[in-house]
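S.K.: This is protein07.pdb, which holds PDB, C-alpha atoms:
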```pdb
MODEL        1
ATOM      1  CA  MET A1083     -39.858  18.017 -23.573
ATOM      2  CA  LEU A1084     -37.237  15.474 -22.479
ATOM      3  CA  VAL A1085     -37.056  11.683 -22.291
ATOM      4  CA  ARG A1086     -37.121  11.920 -18.470
ATOM      5  CA  ASP A1087     -40.599  13.475 -18.769
ATOM      6  CA  ALA A1088     -41.977  10.597 -20.847
ATOM      7  CA  MET A1089     -40.131   7.449 -19.789
ATOM      8  CA  SER A1090     -41.447   4.698 -17.563
ATOM      9  CA  THR A1091     -39.198   4.415 -14.530
ATOM     10  CA  VAL A1092     -40.593   1.125 -13.307
ATOM     11  CA  VAL A1093     -39.191  -1.425 -15.737
ATOM     12  CA  LEU A1094     -39.406  -5.170 -16.028
ATOM     13  CA  THR A1095     -36.006  -6.845 -15.802
ATOM     14  CA  ILE A1096     -35.676 -10.530 -16.638
ATOM     15  CA  GLY A1097     -32.818 -12.971 -17.024
ATOM     16  CA  PRO A1098     -31.490 -14.763 -20.098
ATOM     17  CA  ALA A1099     -32.761 -18.156 -18.906
ATOM     18  CA  HIS A1100     -36.418 -17.162 -18.740
ATOM     19  CA  THR A1101     -38.546 -18.913 -21.336
ATOM     20  CA  LEU A1102     -40.399 -16.788 -23.832
ATOM     21  CA  ARG A1103     -43.668 -17.878 -22.214
ATOM     22  CA  GLN A1104     -42.438 -16.672 -18.817
ATOM     23  CA  ALA A1105     -41.295 -13.399 -20.361
ATOM     24  CA  ALA A1106     -44.631 -12.968 -22.155
ATOM     25  CA  ALA A1107     -46.571 -13.657 -18.942
ATOM     26  CA  LEU A1108     -44.521 -11.115 -17.000
ATOM     27  CA  MET A1109     -44.830  -8.518 -19.751
ATOM     28  CA  SER A1110     -48.574  -9.106 -19.975
ATOM     29  CA  ALA A1111     -49.040  -8.843 -16.205
ATOM     30  CA  ARG A1112     -47.118  -5.549 -16.158
ATOM     31  CA  ARG A1113     -48.805  -4.353 -19.369
ATOM     32  CA  VAL A1114     -45.467  -3.503 -20.999
ATOM     33  CA  GLY A1115     -44.184  -4.176 -24.496
ATOM     34  CA  ALA A1116     -40.524  -4.646 -23.604
ATOM     35  CA  ALA A1117     -38.306  -6.026 -20.869
ATOM     36  CA  ILE A1118     -34.689  -5.364 -20.028
ATOM     37  CA  VAL A1119     -32.687  -8.576 -20.160
ATOM     38  CA  HIS A1120     -29.778  -8.547 -17.753
ATOM     39  CA  ASP A1121     -27.161 -11.022 -18.961
ATOM     40  CA  PRO A1122     -23.703 -10.526 -17.462
ATOM     41  CA  ASP A1123     -22.319 -13.305 -19.705
ATOM     42  CA  ALA A1124     -23.428 -11.492 -22.870
ATOM     43  CA  GLY A1125     -21.905  -8.182 -21.886
ATOM     44  CA  GLY A1126     -24.611  -6.494 -19.877
ATOM     45  CA  ILE A1127     -28.130  -5.521 -20.790
ATOM     46  CA  GLY A1128     -30.298  -6.075 -23.812
ATOM     47  CA  ILE A1129     -33.956  -5.767 -24.654
ATOM     48  CA  LEU A1130     -36.691  -8.275 -25.413
ATOM     49  CA  THR A1131     -39.842  -6.937 -27.027
ATOM     50  CA  GLU A1132     -43.275  -8.305 -27.743
ATOM     51  CA  ARG A1133     -42.268  -8.400 -31.411
ATOM     52  CA  ASP A1134     -39.332 -10.716 -30.580
ATOM     53  CA  ILE A1135     -41.749 -13.129 -28.922
ATOM     54  CA  LEU A1136     -44.231 -12.836 -31.788
ATOM     55  CA  ASN A1137     -41.511 -13.549 -34.366
ATOM     56  CA  SER A1138     -40.427 -16.680 -32.481
ATOM     57  CA  VAL A1139     -43.956 -18.033 -32.195
ATOM     58  CA  GLY A1140     -44.585 -17.160 -35.841
ATOM     59  CA  LEU A1141     -41.601 -19.317 -36.783
ATOM     60  CA  GLY A1142     -43.179 -22.241 -34.927
ATOM     61  CA  GLN A1143     -40.720 -22.176 -32.031
ATOM     62  CA  ASP A1144     -41.919 -23.448 -28.662
ATOM     63  CA  PRO A1145     -42.295 -20.585 -26.162
ATOM     64  CA  ASP A1146     -41.919 -23.103 -23.329
ATOM     65  CA  THR A1147     -38.416 -24.095 -24.407
ATOM     66  CA  GLU A1148     -37.084 -20.998 -26.189
ATOM     67  CA  ARG A1149     -34.972 -18.873 -23.840
ATOM     68  CA  THR A1150     -34.884 -15.110 -23.869
ATOM     69  CA  HIS A1151     -31.135 -15.006 -24.521
ATOM     70  CA  ALA A1152     -31.723 -16.394 -28.019
ATOM     71  CA  HIS A1153     -34.153 -13.566 -28.853
ATOM     72  CA  THR A1154     -32.668 -10.613 -27.009
ATOM     73  CA  THR A1155     -31.314  -7.624 -28.882
ATOM     74  CA  ASN A1156     -27.892  -6.935 -27.397
ATOM     75  CA  ASP A1157     -26.848  -4.278 -29.914
ATOM     76  CA  VAL A1158     -29.005  -1.697 -28.171
ATOM     77  CA  VAL A1159     -29.315   2.029 -28.804
ATOM     78  CA  PHE A1160     -29.568   3.706 -25.423
ATOM     79  CA  ALA A1161     -31.111   7.078 -24.603
ATOM     80  CA  THR A1162     -30.300   9.359 -21.710
ATOM     81  CA  PRO A1163     -32.857  11.196 -19.582
ATOM     82  CA  GLY A1164     -31.645  14.477 -21.062
ATOM     83  CA  TRP A1165     -32.385  13.587 -24.674
ATOM     84  CA  THR A1166     -35.226  15.505 -26.253
ATOM     85  CA  LEU A1167     -38.249  13.512 -27.355
ATOM     86  CA  GLU A1168     -37.326  14.492 -30.907
ATOM     87  CA  GLU A1169     -33.916  12.823 -30.493
ATOM     88  CA  ALA A1170     -35.557   9.687 -29.109
ATOM     89  CA  ALA A1171     -38.137   9.587 -31.908
ATOM     90  CA  ARG A1172     -35.397  10.093 -34.504
ATOM     91  CA  ALA A1173     -33.340   7.206 -33.040
ATOM     92  CA  MET A1174     -36.403   4.939 -33.064
ATOM     93  CA  ALA A1175     -37.329   5.853 -36.629
ATOM     94  CA  HIS A1176     -33.756   5.427 -37.838
ATOM     95  CA  GLY A1177     -33.318   2.065 -36.071
ATOM     96  CA  GLY A1178     -36.799   0.719 -36.787
ATOM     97  CA  PHE A1179     -37.684  -0.016 -33.176
ATOM     98  CA  ARG A1180     -40.301   1.213 -30.695
ATOM     99  CA  HIS A1181     -38.480   1.151 -27.346
ATOM    100  CA  LEU A1182     -35.313   2.725 -25.969
ATOM    101  CA  ILE A1183     -33.630   1.749 -22.723
ATOM    102  CA  VAL A1184     -32.765   4.925 -20.844
ATOM    103  CA  LEU A1185     -29.389   4.908 -19.091
ATOM    104  CA  ASP A1186     -28.370   7.303 -16.354
ATOM    105  CA  ARG A1187     -24.732   6.972 -15.299
ATOM    106  CA  ASP A1188     -24.512   3.633 -17.160
ATOM    107  CA  GLU A1189     -27.441   2.175 -15.175
ATOM    108  CA  PRO A1190     -30.958   1.512 -16.526
ATOM    109  CA  ALA A1191     -33.204   4.359 -15.408
ATOM    110  CA  GLY A1192     -36.264   3.497 -17.486
ATOM    111  CA  ILE A1193     -37.695   2.727 -20.885
ATOM    112  CA  VAL A1194     -39.272   5.163 -23.311
ATOM    113  CA  SER A1195     -41.608   3.918 -26.020
ATOM    114  CA  VAL A1196     -43.217   5.424 -29.081
ATOM    115  CA  ARG A1197     -46.477   5.374 -27.127
ATOM    116  CA  ASP A1198     -44.879   7.394 -24.315
ATOM    117  CA  ILE A1199     -43.736  10.011 -26.803
ATOM    118  CA  ILE A1200     -47.136  10.196 -28.482
ATOM    119  CA  ARG A1201     -48.807  10.701 -25.099
ATOM    120  CA  CYS A1202     -46.548  13.678 -24.449
ATOM    121  CA  TRP A1203     -47.024  15.204 -27.867
ATOM    122  CA  ALA A1204     -50.798  14.706 -28.114
ATOM    123  CA  PRO A1205     -52.960  16.876 -25.870
ATOM    124  CA  ALA A1206     -54.760  14.751 -23.298
ATOM    125  CA  ARG A1207     -58.266  13.610 -24.300
ATOM    126  CA  GLN A1208     -58.297  15.722 -27.407
ATOM    127  CA  GLN A1209     -61.256  15.003 -29.672
ATOM    128  CA  VAL A1210     -60.164  13.969 -33.144
ATOM    129  CA  PRO A1211     -62.498  15.322 -35.858
ATOM    130  CA  ALA A1212     -64.435  12.603 -37.636
TER     131      ALA A1212
ENDMDL
END
```
Represent the supplied structure as structure tokens.
M.R.:
Amino acid sequence: MLVRDAMSTVVLTIGPAHTLRQAAALMSARRVGAAIVHDPDAGGIGILTERDILNSVGLGQDPDTERTHAHTTNDVVFATPGWTLEEAARAMAHGGFRHLIVLDRDEPAGIVSVRDIIRCWAPARQQVPA
């Protein structure tokens, strides 16, 4: 199975000037754990995850004043739609992250998460023995 079979193609894209509270509200409303941050001044696209927001709040930073650009990962590992799910899982495990931005012809085509991969690998509605 390939990344294109598992990825979410509707992604949340935010800007670097959004506050963390705004980002969290948008992510919550869309029920996603990551957003693409488009920042032409920082060299393109990065990713902001729920963990980035959690870490900031845990440090006592104000989510109403902290901007996404200060918490965005810009050194991103990108997947392609043609990667296997095994390749994506290996990249996530090696890098210690749970989301990959999927690029197709150098443009964001989606995001694949650990949860997406698990859904593909686990048979739907399978009963787990107690």
S.K.: What would the selection look like, as a PyMOL selection string, if the PyMOL selection byres ((chain A and resi 1192) around 9) were run on the coordinates I just shared?
M.R.: chain A and resi 1086+1089-1093+1163+1182-1186+1190-1191+1193-1194
S.K.: Translate the PyMOL selection byres ((chain A and resi 1094-1097) around 6), as applied to the file shown, into an explicit residue set as a tab-separated table (two decimals) with C-alpha atoms, keeping the file's coordinate frame.
M.R.:
```
chain	number	residue	atom	x	y	z
A	1093	VAL	CA	-39.19	-1.42	-15.74
A	1098	PRO	CA	-31.49	-14.76	-20.10
A	1099	ALA	CA	-32.76	-18.16	-18.91
A	1100	HIS	CA	-36.42	-17.16	-18.74
A	1117	ALA	CA	-38.31	-6.03	-20.87
A	1118	ILE	CA	-34.69	-5.36	-20.03
A	1119	VAL	CA	-32.69	-8.58	-20.16
A	1120	HIS	CA	-29.78	-8.55	-17.75
```
S.K.: Taking 3 positions as the minimum chain separation for residues in the same chain, which residues sit within 9 Å of Ser1195 (chain A) when counting only C-alpha atoms? Answer as a PDB file with C-alpha atoms, in the coordinates of the input.
M.R.:
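Contents of the output file part02.pdb:
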```
ATOM      1  CA  ALA A1088     -41.977  10.597 -20.847  1.00  0.00           C
ATOM      2  CA  MET A1089     -40.131   7.449 -19.789  1.00  0.00           C
ATOM      3  CA  SER A1090     -41.447   4.698 -17.563  1.00  0.00           C
ATOM      4  CA  GLY A1115     -44.184  -4.176 -24.496  1.00  0.00           C
ATOM      5  CA  ALA A1116     -40.524  -4.646 -23.604  1.00  0.00           C
ATOM      6  CA  ALA A1170     -35.557   9.687 -29.109  1.00  0.00           C
ATOM      7  CA  ALA A1171     -38.137   9.587 -31.908  1.00  0.00           C
ATOM      8  CA  MET A1174     -36.403   4.939 -33.064  1.00  0.00           C
ATOM      9  CA  ARG A1180     -40.301   1.213 -30.695  1.00  0.00           C
ATOM     10  CA  HIS A1181     -38.480   1.151 -27.346  1.00  0.00           C
ATOM     11  CA  LEU A1182     -35.313   2.725 -25.969  1.00  0.00           C
ATOM     12  CA  ILE A1183     -33.630   1.749 -22.723  1.00  0.00           C
ATOM     13  CA  ASP A1198     -44.879   7.394 -24.315  1.00  0.00           C
ATOM     14  CA  ILE A1199     -43.736  10.011 -26.803  1.00  0.00           C
ATOM     15  CA  ILE A1200     -47.136  10.196 -28.482  1.00  0.00           C
TER      16      ILE A1200
END
```
S.K.: For CA of Trp1165 (chain A) and CA of Ala1204 (chain A), quote the distance in Å rounded to one decimal.
M.R.: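 That distance, rounded to one decimal, is 18.8 Å.
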S.K.: Do you have the CA of Gln1104 (chain A)-CA of Ile1129 (chain A) distance handy?
M.R.: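 One can read the CA of Gln1104 (chain A) to CA of Ile1129 (chain A) distance as 15.0 Å.
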S.K.: Ranking A:Val1085, A:Leu1130, A:Val1114, A:Leu1141 by minimum distance to Leu1102 (chain A) and counting all atoms listed in the file, which one comes first?
M.R.: A:Leu1130
S.K.: Would you mind telling me which residue in A:Gln1143, A:His1151, A:Pro1122, A:Cys1202 lies nearest to Glu1168 (chain A) when using only C-alpha atoms?
M.R.: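 So, comparing all the options, the nearest one is A:Cys1202.
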S.K.: Missing atoms in region 1139-1150 of chain A: fill them in up to all heavy atoms and send the result as a PDB file, in the coordinates of the input.
M.R.:
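Contents of result.pdb, freshly written:
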```pdb
ATOM      1  N   VAL A1139     -42.750 -17.206 -32.102  1.00  0.00           N
ATOM      2  CA  VAL A1139     -43.956 -18.033 -32.195  1.00  0.00           C
ATOM      3  C   VAL A1139     -44.370 -18.185 -33.657  1.00  0.00           C
ATOM      4  O   VAL A1139     -44.761 -19.269 -34.099  1.00  0.00           O
ATOM      5  CB  VAL A1139     -45.091 -17.439 -31.328  1.00  0.00           C
ATOM      6  CG1 VAL A1139     -46.411 -18.148 -31.578  1.00  0.00           C
ATOM      7  CG2 VAL A1139     -44.718 -17.513 -29.853  1.00  0.00           C
ATOM      8  N   GLY A1140     -44.253 -17.112 -34.422  1.00  0.00           N
ATOM      9  CA  GLY A1140     -44.585 -17.160 -35.841  1.00  0.00           C
ATOM     10  C   GLY A1140     -43.712 -18.130 -36.625  1.00  0.00           C
ATOM     11  O   GLY A1140     -44.139 -18.689 -37.639  1.00  0.00           O
ATOM     12  N   LEU A1141     -42.507 -18.358 -36.150  1.00  0.00           N
ATOM     13  CA  LEU A1141     -41.601 -19.317 -36.783  1.00  0.00           C
ATOM     14  C   LEU A1141     -41.867 -20.754 -36.329  1.00  0.00           C
ATOM     15  O   LEU A1141     -41.197 -21.675 -36.773  1.00  0.00           O
ATOM     16  CB  LEU A1141     -40.141 -18.956 -36.486  1.00  0.00           C
ATOM     17  CG  LEU A1141     -39.606 -17.706 -37.168  1.00  0.00           C
ATOM     18  CD1 LEU A1141     -38.230 -17.336 -36.622  1.00  0.00           C
ATOM     19  CD2 LEU A1141     -39.546 -17.917 -38.674  1.00  0.00           C
ATOM     20  N   GLY A1142     -42.843 -20.908 -35.418  1.00  0.00           N
ATOM     21  CA  GLY A1142     -43.179 -22.241 -34.927  1.00  0.00           C
ATOM     22  C   GLY A1142     -42.326 -22.704 -33.758  1.00  0.00           C
ATOM     23  O   GLY A1142     -42.362 -23.882 -33.388  1.00  0.00           O
ATOM     24  N   GLN A1143     -41.551 -21.810 -33.179  1.00  0.00           N
ATOM     25  CA  GLN A1143     -40.720 -22.176 -32.031  1.00  0.00           C
ATOM     26  C   GLN A1143     -41.589 -22.304 -30.787  1.00  0.00           C
ATOM     27  O   GLN A1143     -42.614 -21.639 -30.655  1.00  0.00           O
ATOM     28  CB  GLN A1143     -39.614 -21.145 -31.831  1.00  0.00           C
ATOM     29  CG  GLN A1143     -38.657 -21.092 -33.010  1.00  0.00           C
ATOM     30  CD  GLN A1143     -37.647 -19.961 -32.909  1.00  0.00           C
ATOM     31  OE1 GLN A1143     -37.877 -18.953 -32.235  1.00  0.00           O
ATOM     32  NE2 GLN A1143     -36.516 -20.117 -33.585  1.00  0.00           N
ATOM     33  N   ASP A1144     -41.164 -23.147 -29.872  1.00  0.00           N
ATOM     34  CA  ASP A1144     -41.919 -23.448 -28.662  1.00  0.00           C
ATOM     35  C   ASP A1144     -41.598 -22.419 -27.573  1.00  0.00           C
ATOM     36  O   ASP A1144     -40.466 -22.373 -27.081  1.00  0.00           O
ATOM     37  CB  ASP A1144     -41.571 -24.854 -28.175  1.00  0.00           C
ATOM     38  CG  ASP A1144     -42.372 -25.293 -26.958  1.00  0.00           C
ATOM     39  OD1 ASP A1144     -43.120 -24.473 -26.385  1.00  0.00           O
ATOM     40  OD2 ASP A1144     -42.246 -26.472 -26.588  1.00  0.00           O
ATOM     41  N   PRO A1145     -42.562 -21.601 -27.180  1.00  0.00           N
ATOM     42  CA  PRO A1145     -42.295 -20.585 -26.162  1.00  0.00           C
ATOM     43  C   PRO A1145     -41.977 -21.175 -24.786  1.00  0.00           C
ATOM     44  O   PRO A1145     -41.479 -20.461 -23.918  1.00  0.00           O
ATOM     45  CB  PRO A1145     -43.579 -19.751 -26.130  1.00  0.00           C
ATOM     46  CG  PRO A1145     -44.627 -20.644 -26.675  1.00  0.00           C
ATOM     47  CD  PRO A1145     -43.948 -21.552 -27.660  1.00  0.00           C
ATOM     48  N   ASP A1146     -42.245 -22.468 -24.607  1.00  0.00           N
ATOM     49  CA  ASP A1146     -41.919 -23.103 -23.329  1.00  0.00           C
ATOM     50  C   ASP A1146     -40.473 -23.592 -23.270  1.00  0.00           C
ATOM     51  O   ASP A1146     -39.981 -23.911 -22.185  1.00  0.00           O
ATOM     52  CB  ASP A1146     -42.865 -24.277 -23.058  1.00  0.00           C
ATOM     53  CG  ASP A1146     -44.271 -23.794 -22.754  1.00  0.00           C
ATOM     54  OD1 ASP A1146     -44.407 -22.850 -21.948  1.00  0.00           O
ATOM     55  OD2 ASP A1146     -45.224 -24.334 -23.343  1.00  0.00           O
ATOM     56  N   THR A1147     -39.811 -23.645 -24.405  1.00  0.00           N
ATOM     57  CA  THR A1147     -38.416 -24.095 -24.407  1.00  0.00           C
ATOM     58  C   THR A1147     -37.452 -23.028 -24.902  1.00  0.00           C
ATOM     59  O   THR A1147     -36.263 -23.078 -24.576  1.00  0.00           O
ATOM     60  CB  THR A1147     -38.235 -25.370 -25.265  1.00  0.00           C
ATOM     61  OG1 THR A1147     -38.648 -25.099 -26.601  1.00  0.00           O
ATOM     62  CG2 THR A1147     -39.037 -26.528 -24.691  1.00  0.00           C
ATOM     63  N   GLU A1148     -37.944 -22.074 -25.699  1.00  0.00           N
ATOM     64  CA  GLU A1148     -37.084 -20.998 -26.189  1.00  0.00           C
ATOM     65  C   GLU A1148     -36.730 -20.069 -25.035  1.00  0.00           C
ATOM     66  O   GLU A1148     -37.601 -19.647 -24.269  1.00  0.00           O
ATOM     67  CB  GLU A1148     -37.777 -20.191 -27.290  1.00  0.00           C
ATOM     68  CG  GLU A1148     -37.871 -20.902 -28.600  1.00  0.00           C
ATOM     69  CD  GLU A1148     -36.518 -21.152 -29.236  1.00  0.00           C
ATOM     70  OE1 GLU A1148     -35.700 -20.207 -29.325  1.00  0.00           O
ATOM     71  OE2 GLU A1148     -36.280 -22.304 -29.653  1.00  0.00           O
ATOM     72  N   ARG A1149     -35.462 -19.751 -24.912  1.00  0.00           N
ATOM     73  CA  ARG A1149     -34.972 -18.873 -23.840  1.00  0.00           C
ATOM     74  C   ARG A1149     -34.793 -17.449 -24.353  1.00  0.00           C
ATOM     75  O   ARG A1149     -34.493 -17.224 -25.531  1.00  0.00           O
ATOM     76  CB  ARG A1149     -33.638 -19.393 -23.289  1.00  0.00           C
ATOM     77  CG  ARG A1149     -33.706 -20.812 -22.777  1.00  0.00           C
ATOM     78  CD  ARG A1149     -34.550 -20.889 -21.549  1.00  0.00           C
ATOM     79  NE  ARG A1149     -34.752 -22.292 -21.157  1.00  0.00           N
ATOM     80  CZ  ARG A1149     -35.435 -22.655 -20.112  1.00  0.00           C
ATOM     81  NH1 ARG A1149     -36.002 -21.742 -19.335  1.00  0.00           N
ATOM     82  NH2 ARG A1149     -35.582 -23.923 -19.815  1.00  0.00           N
ATOM     83  N   THR A1150     -34.955 -16.516 -23.467  1.00  0.00           N
ATOM     84  CA  THR A1150     -34.884 -15.110 -23.869  1.00  0.00           C
ATOM     85  C   THR A1150     -33.536 -14.753 -24.481  1.00  0.00           C
ATOM     86  O   THR A1150     -33.474 -13.926 -25.382  1.00  0.00           O
ATOM     87  CB  THR A1150     -35.192 -14.164 -22.700  1.00  0.00           C
ATOM     88  OG1 THR A1150     -34.260 -14.381 -21.648  1.00  0.00           O
ATOM     89  CG2 THR A1150     -36.599 -14.356 -22.194  1.00  0.00           C
TER      90      THR A1150
END
```
